[in-house]
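Asks: My questions will all concern the structure given below.
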Amino acid sequence: MGIIRTFSGKYRVQGDINTLESKKILTGALYADQQDAYLNTLTADIGDKLYTILREWWSINGRDSAIETLDYLRDKGFAFYFPTVMKASRAGSEEAAKEIITAEMTTQEDAEKAYSQANNLLASIDALKEAGIITTIDDVEKYGVTGWDAGRLIFIARLCHDAKYISAEEAWAYIDVAYAQAQTAFNSWEEIANSYIIGRFLWNGKNADDGMDRLAKGLLTKPDSPWVQVPWK
């Protein structure tokens with residue numbers, strides 16, 4: 001999932017970018033821009049990459065796995081682990097971190113995910129600082145991972161619709177949840193971008209330092225970017 005496209009043209013948008021529906025989709029623009037998809041329409045239109053992303057990256061092969069994955073992203077995602085991850089990352093020792101995770105996670109799978117995310121966070125602090133996303137670890141807690149969860153839920157719902165695994169109505173139901181969560185959590189596109197990038201580092205550690213911050217900067221500053229043209233609030 002580390003593919004970062006080389007930006008060499010205008011952002012892919014279609015129709016009126018100032019509608020509420022367009023704004024909801026734009027909440028997931030970082031993932032969409034990474035994959036050279038339309039940024040503001042239900043269809044992503046990414047050609048053959050559609051099934052590579054769904055099948056190889058997400059293990060989504062049909063309706064059942066699509067619903068299972070989307071429900072997980074909607075109801076759990078990284079937000080489920082985040083409070084424990086923050087406690088563990090501040091624990092001061094590996095042993096103390098493990099004790100926190102063991103006490104708060106009820107399954108081995110969840111414990112392993114929380115431990116991985118905590119380790120990834122600690123390994124990524126310097127990279128996050130260098131990218132200008134945070135100045136201290138307190139900023140990680142400030143931004144959280146709602147932007148990451150929302151961005152992934154929106155984009156994967158779009159792809160599942162493009163693959164005809166779910167209906168348009170079902171896709172919009174997931175997108176609506178993600179948008180509502182983001183509207184509650186953030187006051188700007190920049191906050192969404194920072195949260196998305198933090199989540200990406202928690203997911204992949206230092207390997208996430210692969211250009212996503214540059215995509216975010218473009219979306220936040222380029223005159224033709226829909227994020228520049230459409231106010232968040």
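Going through the structure tokens in order, the chains are called A, B, and so on, while each chain numbers its residues from 1 and the ligands are numbered from 1 in the order shown.
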Can you tell me, as a CSV table (one decimal) with C-alpha atoms, in the first residue's frame, what residues are no more than 12 Å from A:Lys76 when counting only C-alpha atoms, ignoring any on the same chain fewer than 2 positions away?
Replies:
chain,number,residue,atom,x,y,z
A,68,GLU,CA,-16.9,-7.4,6.7
A,69,THR,CA,-14.0,-5.1,6.0
A,70,LEU,CA,-16.2,-1.9,5.7
A,71,ASP,CA,-18.0,-2.8,9.0
A,72,TYR,CA,-14.6,-3.2,10.7
A,73,LEU,CA,-13.4,0.2,9.4
A,74,ARG,CA,-16.6,1.9,10.4
A,78,PHE,CA,-7.4,2.3,14.4
A,79,ALA,CA,-9.5,4.5,16.8
A,80,PHE,CA,-10.3,1.4,18.8
A,81,TYR,CA,-6.6,0.9,19.7
A,82,PHE,CA,-5.5,4.5,19.8
A,110,ASP,CA,-6.0,-6.9,19.3
A,145,VAL,CA,-6.4,8.7,13.9
A,146,THR,CA,-9.9,9.6,12.9
A,149,ASP,CA,-10.0,5.8,9.6
A,150,ALA,CA,-12.3,8.1,7.7
A,153,LEU,CA,-13.4,3.9,5.0
A,178,ALA,CA,-16.9,8.7,8.1
Asks: Do you know which residues are at most 12 Å from stretch 46-62 of chain A counting only C-alpha atoms, after dropping those on the same chain fewer than 5 positions away, and could you put them as an NGL selection string?
Replies: :A and (1-3 or 12 or 31-39 or 67-70 or 72-73 or 152-153 or 155-166)
Asks: Filtering to C-alpha atoms, could you give me those residues as a CSV table (one decimal), in the first residue's frame?
Replies:
chain,number,residue,atom,x,y,z
A,1,MET,CA,0.0,0.0,0.0
A,2,GLY,CA,3.0,2.3,-0.3
A,3,ILE,CA,2.4,3.4,-3.9
A,12,ARG,CA,-9.0,14.6,-10.9
A,31,TYR,CA,-6.0,8.1,-0.3
A,32,ALA,CA,-7.8,8.9,-3.6
A,33,ASP,CA,-5.0,11.2,-4.8
A,34,GLN,CA,-2.4,8.6,-3.9
A,35,GLN,CA,-4.1,6.2,-6.3
A,36,ASP,CA,-4.8,8.8,-9.0
A,37,ALA,CA,-8.6,8.4,-8.5
A,38,TYR,CA,-11.3,11.0,-8.8
A,39,LEU,CA,-11.3,13.0,-5.6
A,67,ILE,CA,-19.1,-5.8,4.1
A,68,GLU,CA,-16.9,-7.4,6.7
A,69,THR,CA,-14.0,-5.1,6.0
A,70,LEU,CA,-16.2,-1.9,5.7
A,72,TYR,CA,-14.6,-3.2,10.7
A,73,LEU,CA,-13.4,0.2,9.4
A,152,ARG,CA,-9.8,4.6,4.4
A,153,LEU,CA,-13.4,3.9,5.0
A,155,PHE,CA,-12.1,5.2,-0.3
A,156,ILE,CA,-12.7,1.5,0.2
A,157,ALA,CA,-16.4,2.0,0.2
A,158,ARG,CA,-16.0,3.7,-3.2
A,159,LEU,CA,-13.9,0.8,-4.5
A,160,CYS,CA,-16.4,-1.8,-3.3
A,161,HIS,CA,-19.1,0.1,-5.1
A,162,ASP,CA,-17.0,0.3,-8.3
A,163,ALA,CA,-16.5,-3.4,-8.1
A,164,LYS,CA,-20.3,-3.9,-7.7
A,165,TYR,CA,-19.8,-5.6,-4.3
A,166,ILE,CA,-22.1,-3.0,-2.6
Asks: Go through stretch 34-226 of chain A and collect every residue that DSSP, computed from the backbone, puts in alpha helix (DSSP H); the answer should be as a PyMOL selection string.
Replies: chain A and resi 34+49-51+63-75+82-89+94-104+108-130+137-143+146-162+168-185+189-204+212-221+226
Asks: Of the candidates A:Ala180, A:Ala118, A:Leu128, A:Met105, which shows the shortest atom-to-atom distance to A:Ala91, using only C-alpha atoms?
Replies: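 Closest candidate: A:Ala118.
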